[in-house]
Amino acid sequence: MKIVSILSTTAIAVAMLAGAAAAAPVTLSGVVRDFQKAHPNMQRAVDGVRAGVVDTTLDADGKPVFIGPENVGSFTNQTDFAQWYRNVPNVNIAIPFDITLDTNTDGLLEFSDSSFFPINGQGFGDEGLSNNYHFTFEVMAQLAFTDVSQSFSFTGDDDLWVFVDDTLVLDLGGVHRATSASFSGTDLVDLGLSADTNYAMKIFFAERHTTQSNFKIQTNFVTMPDPGPAPVPLPAALPLLLAGIGGLGVVARRRKTA
């Protein structure tokens, strides 16, 4: 879904020029969902990177869709997968969690954690393990696409899918060791997206197996927090109606005091 931002193209360009060497930190809000290790998709086979197990577009709820094959490697079926990024009582526990991208020595926005266990001791607990290894992480943001030379890279384990404008641009599904992938502004153009435009970006991550958890983002896209739902405008006639009701109230009070 394309986002109409309050930032104009000129403002974005100025921000990039002014912040190329020292971009301001960006905090992105997300939600971690904790699972028990007994969940059908947790602590299964280490099957390596499995691209193509989710559809290339998000569903009506803005969630990835499992398309199979079923019961292969670390995946079972669509029913189990549909629980990953939805709040399901007695199946997962949702915990808000934010990440902050800071400017690194190359002038890129970066978040890097080679021991990414954000909910140790929370949710269902660590279940006798050294860390809480069984969780998913969903982040929503917006990406200011201004130039084909821009890029976004991720290194981590396990599953990672990134969607821009509800279209899959980065696919690292499966239980695997830390692996890297990236997309560029050129890739966005190839998908039919236009520069000088802000787009919704959704990141879907999963940590499903002991014993490591890596999560690293580097980007020179201007990345901004998700603005949330747009305010619903009042119907054109509603302000007049409210004013009229207010006027009737004034008249009634005058009559009462008369």
# chains A, B, ... in the order shown; residues from 1 in each chain; ligands from 1
$ residues_around --residues "segment 43-46 of chain A" --least-positions-apart "2" --cutoff "8 Å" --atoms "only C-alpha atoms" --output "VMD selection string"
chain A and resid 37 to 38 40 to 41 48 73 to 75 134 174 to 176 208 to 210
$ write_last_selection --atoms "C-alpha atoms" --output "short mmCIF file (atom, residue, chain, number, x, y, z; two decimals), in the first residue's frame"
data_model
loop_
_atom_site.label_atom_id
_atom_site.label_comp_id
_atom_site.auth_asym_id
_atom_site.auth_seq_id
_atom_site.Cartn_x
_atom_site.Cartn_y
_atom_site.Cartn_z
CA LYS A 37 8.89 -24.77 21.64
CA ALA A 38 6.14 -27.41 21.25
CA PRO A 40 4.41 -27.39 15.24
CA ASN A 41 6.69 -24.84 13.49
CA GLY A 48 18.47 -24.02 5.24
CA GLY A 73 11.55 -29.10 6.27
CA SER A 74 10.69 -26.62 9.01
CA PHE A 75 7.16 -25.85 7.76
CA HIS A 134 10.94 -19.34 19.81
CA GLY A 174 13.54 -21.42 6.54
CA VAL A 175 15.59 -22.37 9.60
CA HIS A 176 19.18 -21.52 8.65
CA ARG A 208 12.58 -20.87 15.63
CA HIS A 209 15.55 -22.99 16.65
CA THR A 210 18.44 -23.12 19.09
#
$ residues_around --residues "Arg177 of chain A" --least-positions-apart "5" --cutoff "8 Å" --atoms "only C-alpha atoms" --output "list in words"
Gly48, Gly156, Asp157, Asp158 and Gln212 of chain A
$ write_last_selection --atoms "C-alpha atoms" --output "CSV table (one decimal), in the first residue's frame"
chain,number,residue,atom,x,y,z
A,48,GLY,CA,18.5,-24.0,5.2
A,156,GLY,CA,20.2,-13.0,10.2
A,157,ASP,CA,18.5,-16.2,11.2
A,158,ASP,CA,16.0,-17.7,10.9
A,212,GLN,CA,21.8,-18.6,17.6
$ select_by_dssp --residues "segment 30-70 of chain A" --states "strand (DSSP E or B)" --output "PyMOL selection string"
chain A and resi 30-35+54+57+66
$ atom_distance --atom1 "atom CA of Gly62 of chain A" --atom2 "atom CA of Gly228 of chain A"
13.2 Å
$ atom_distance --atom1 "atom CA of Thr57 of chain A" --atom2 "atom CA of Asp34 of chain A"
24.8 Å
$ closest_residue --among "A:Leu188, A:Ile99, A:Val88, A:Leu168" --to "Lys216 of chain A" --atoms "only C-alpha atoms"
A:Ile99
$ closest_residue --among "A:Val53, A:Ile203, A:Val169, A:Val32" --to "Asn92 of chain A" --atoms "only C-alpha atoms"
A:Val32
$ residues_around --residues "segment 191-195 of chain A" --least-positions-apart "4" --cutoff "7 Å" --atoms "only C-alpha atoms" --output "list in words"
Phe145, Thr146, Asp147 and Asp187 of chain A
$ residues_around --residues "Leu172 of chain A" --least-positions-apart "4" --cutoff "6 Å" --atoms "only C-alpha atoms" --output "list of chain:residue names"
A:Val49, A:Ala51, A:Asp159, A:Leu160
$ write_last_selection --atoms "N, CA and C atoms" --output "PDB file, in the first residue's frame"
ATOM      1  N   VAL A  49      17.991 -22.122   3.831  1.00  0.00           N
ATOM      2  CA  VAL A  49      17.127 -21.109   3.226  1.00  0.00           C
ATOM      3  C   VAL A  49      16.138 -21.770   2.280  1.00  0.00           C
ATOM      4  N   ALA A  51      13.422 -20.330  -0.104  1.00  0.00           N
ATOM      5  CA  ALA A  51      12.700 -19.237  -0.756  1.00  0.00           C
ATOM      6  C   ALA A  51      11.449 -19.781  -1.428  1.00  0.00           C
ATOM      7  N   ASP A 159      13.943 -17.189   9.681  1.00  0.00           N
ATOM      8  CA  ASP A 159      13.154 -16.664   8.563  1.00  0.00           C
ATOM      9  C   ASP A 159      13.142 -15.131   8.541  1.00  0.00           C
ATOM     10  N   LEU A 160      13.136 -14.574   7.333  1.00  0.00           N
ATOM     11  CA  LEU A 160      12.990 -13.132   7.172  1.00  0.00           C
ATOM     12  C   LEU A 160      12.342 -12.851   5.822  1.00  0.00           C
TER      13      LEU A 160
END
$ select_by_dssp --residues "segment 85-234 of chain A" --states "alpha helix (DSSP H)" --output "list in words"
Gly185, Thr186, Asp187, Leu188, Val189 and Asp190 of chain A
$ write_last_selection --atoms "C-alpha atoms" --output "PDB file, in the first residue's frame"
ATOM      1  CA  GLY A 185      16.077   0.974  -5.643  1.00  0.00           C
ATOM      2  CA  THR A 186      16.573  -0.697  -9.014  1.00  0.00           C
ATOM      3  CA  ASP A 187      14.702  -3.751  -7.719  1.00  0.00           C
ATOM      4  CA  LEU A 188      11.814  -1.508  -6.669  1.00  0.00           C
ATOM      5  CA  VAL A 189      11.676   0.051 -10.131  1.00  0.00           C
ATOM      6  CA  ASP A 190      11.581  -3.444 -11.635  1.00  0.00           C
TER       7      ASP A 190
END
$ atom_distance --atom1 "atom CA of Asp106 of chain A" --atom2 "atom CA of Asn220 of chain A"
9.8 Å
$ residues_around --residues "Ile119 of chain A" --least-positions-apart "6" --cutoff "12 Å" --atoms "only C-alpha atoms" --output "list in words"
Val31, Val32, Arg33, Asp34, Phe35, Ile93, Ala94, Ile95, Pro96, Phe97, Asp98, Gly125, Asp126, Asn131, Asn132, Tyr133, His134, Phe135, Thr136, Phe137 and Glu207 of chain A
$ closest_residue --among "A:Ser115, A:Phe66, A:Gly123, A:Asn198" --to "Gln78 of chain A" --atoms "only C-alpha atoms"
A:Phe66
$ residues_around --residues "Leu58 of chain A" --least-positions-apart "6" --cutoff "7 Å" --atoms "only C-alpha atoms" --output "PyMOL selection string"
chain A and resi 64-65+166-167
$ decode --residues "segment 134-170 of chain A" --atoms "N, CA and C atoms" --output "compact mmCIF listing (two decimals), in the first residue's frame"
# COMPACT_ATOMS: atom_id res chain seq x y z
N HIS A 134 12.08 -19.03 20.67
CA HIS A 134 10.94 -19.34 19.81
C HIS A 134 9.98 -18.17 19.77
N PHE A 135 10.18 -17.31 18.77
CA PHE A 135 9.34 -16.11 18.67
C PHE A 135 9.36 -15.60 17.23
N THR A 136 8.39 -14.75 16.92
CA THR A 136 8.39 -14.02 15.66
C THR A 136 8.45 -12.53 15.98
N PHE A 137 8.81 -11.74 14.99
CA PHE A 137 8.96 -10.30 15.17
C PHE A 137 8.43 -9.61 13.92
N GLU A 138 7.47 -8.72 14.10
CA GLU A 138 6.85 -7.99 12.99
C GLU A 138 7.10 -6.50 13.17
N VAL A 139 7.61 -5.85 12.13
CA VAL A 139 7.91 -4.42 12.17
C VAL A 139 7.24 -3.75 10.98
N MET A 140 6.58 -2.63 11.24
CA MET A 140 6.00 -1.84 10.16
C MET A 140 6.67 -0.47 10.12
N ALA A 141 7.03 -0.03 8.94
CA ALA A 141 7.71 1.25 8.77
C ALA A 141 7.30 1.84 7.42
N GLN A 142 7.93 2.94 7.06
CA GLN A 142 7.77 3.44 5.71
C GLN A 142 9.14 3.77 5.15
N LEU A 143 9.25 3.57 3.86
CA LEU A 143 10.51 3.71 3.15
C LEU A 143 10.37 4.84 2.15
N ALA A 144 11.27 5.82 2.23
CA ALA A 144 11.28 6.92 1.26
C ALA A 144 12.21 6.53 0.12
N PHE A 145 11.63 6.21 -1.02
CA PHE A 145 12.38 5.78 -2.19
C PHE A 145 12.65 7.00 -3.05
N THR A 146 13.94 7.40 -3.14
CA THR A 146 14.30 8.59 -3.89
C THR A 146 15.27 8.34 -5.02
N ASP A 147 16.01 7.20 -4.96
CA ASP A 147 17.07 7.00 -5.95
C ASP A 147 17.34 5.51 -6.12
N VAL A 148 17.63 5.08 -7.35
CA VAL A 148 17.84 3.66 -7.61
C VAL A 148 19.08 3.12 -6.93
N SER A 149 20.00 3.99 -6.50
CA SER A 149 21.22 3.53 -5.85
C SER A 149 21.00 3.15 -4.39
N GLN A 150 19.83 3.46 -3.84
CA GLN A 150 19.55 3.11 -2.45
C GLN A 150 19.48 1.60 -2.28
N SER A 151 19.75 1.15 -1.05
CA SER A 151 19.72 -0.29 -0.80
C SER A 151 19.28 -0.58 0.63
N PHE A 152 18.83 -1.81 0.83
CA PHE A 152 18.43 -2.32 2.15
C PHE A 152 18.98 -3.73 2.25
N SER A 153 19.75 -4.02 3.28
CA SER A 153 20.31 -5.36 3.44
C SER A 153 19.98 -5.91 4.81
N PHE A 154 19.87 -7.23 4.86
CA PHE A 154 19.59 -7.91 6.12
C PHE A 154 20.51 -9.11 6.24
N THR A 155 21.00 -9.35 7.45
CA THR A 155 21.74 -10.57 7.77
C THR A 155 21.14 -11.16 9.03
N GLY A 156 20.77 -12.43 8.98
CA GLY A 156 20.22 -13.02 10.19
C GLY A 156 19.70 -14.42 10.00
N ASP A 157 19.18 -14.94 11.11
CA ASP A 157 18.53 -16.25 11.17
C ASP A 157 17.45 -16.16 12.25
N ASP A 158 16.30 -16.76 12.02
CA ASP A 158 16.01 -17.67 10.91
C ASP A 158 15.26 -16.91 9.80
N ASP A 159 13.94 -17.19 9.68
CA ASP A 159 13.15 -16.66 8.56
C ASP A 159 13.14 -15.13 8.54
N LEU A 160 13.14 -14.57 7.33
CA LEU A 160 12.99 -13.13 7.17
C LEU A 160 12.34 -12.85 5.82
N TRP A 161 11.24 -12.11 5.87
CA TRP A 161 10.59 -11.64 4.65
C TRP A 161 10.37 -10.14 4.78
N VAL A 162 10.66 -9.41 3.71
CA VAL A 162 10.41 -7.97 3.67
C VAL A 162 9.50 -7.68 2.50
N PHE A 163 8.45 -6.91 2.78
CA PHE A 163 7.50 -6.50 1.75
C PHE A 163 7.51 -4.98 1.65
N VAL A 164 7.55 -4.47 0.43
CA VAL A 164 7.42 -3.04 0.18
C VAL A 164 6.20 -2.84 -0.72
N ASP A 165 5.31 -1.97 -0.29
CA ASP A 165 4.05 -1.77 -1.00
C ASP A 165 3.30 -3.10 -1.15
N ASP A 166 3.37 -3.93 -0.09
CA ASP A 166 2.70 -5.24 -0.01
C ASP A 166 3.26 -6.27 -0.99
N THR A 167 4.44 -6.00 -1.56
CA THR A 167 5.07 -6.91 -2.52
C THR A 167 6.39 -7.43 -1.95
N LEU A 168 6.62 -8.72 -2.07
CA LEU A 168 7.81 -9.36 -1.52
C LEU A 168 9.07 -8.87 -2.23
N VAL A 169 10.04 -8.35 -1.44
CA VAL A 169 11.29 -7.88 -2.02
C VAL A 169 12.51 -8.59 -1.44
N LEU A 170 12.33 -9.32 -0.33
CA LEU A 170 13.46 -10.03 0.28
C LEU A 170 12.91 -11.31 0.90
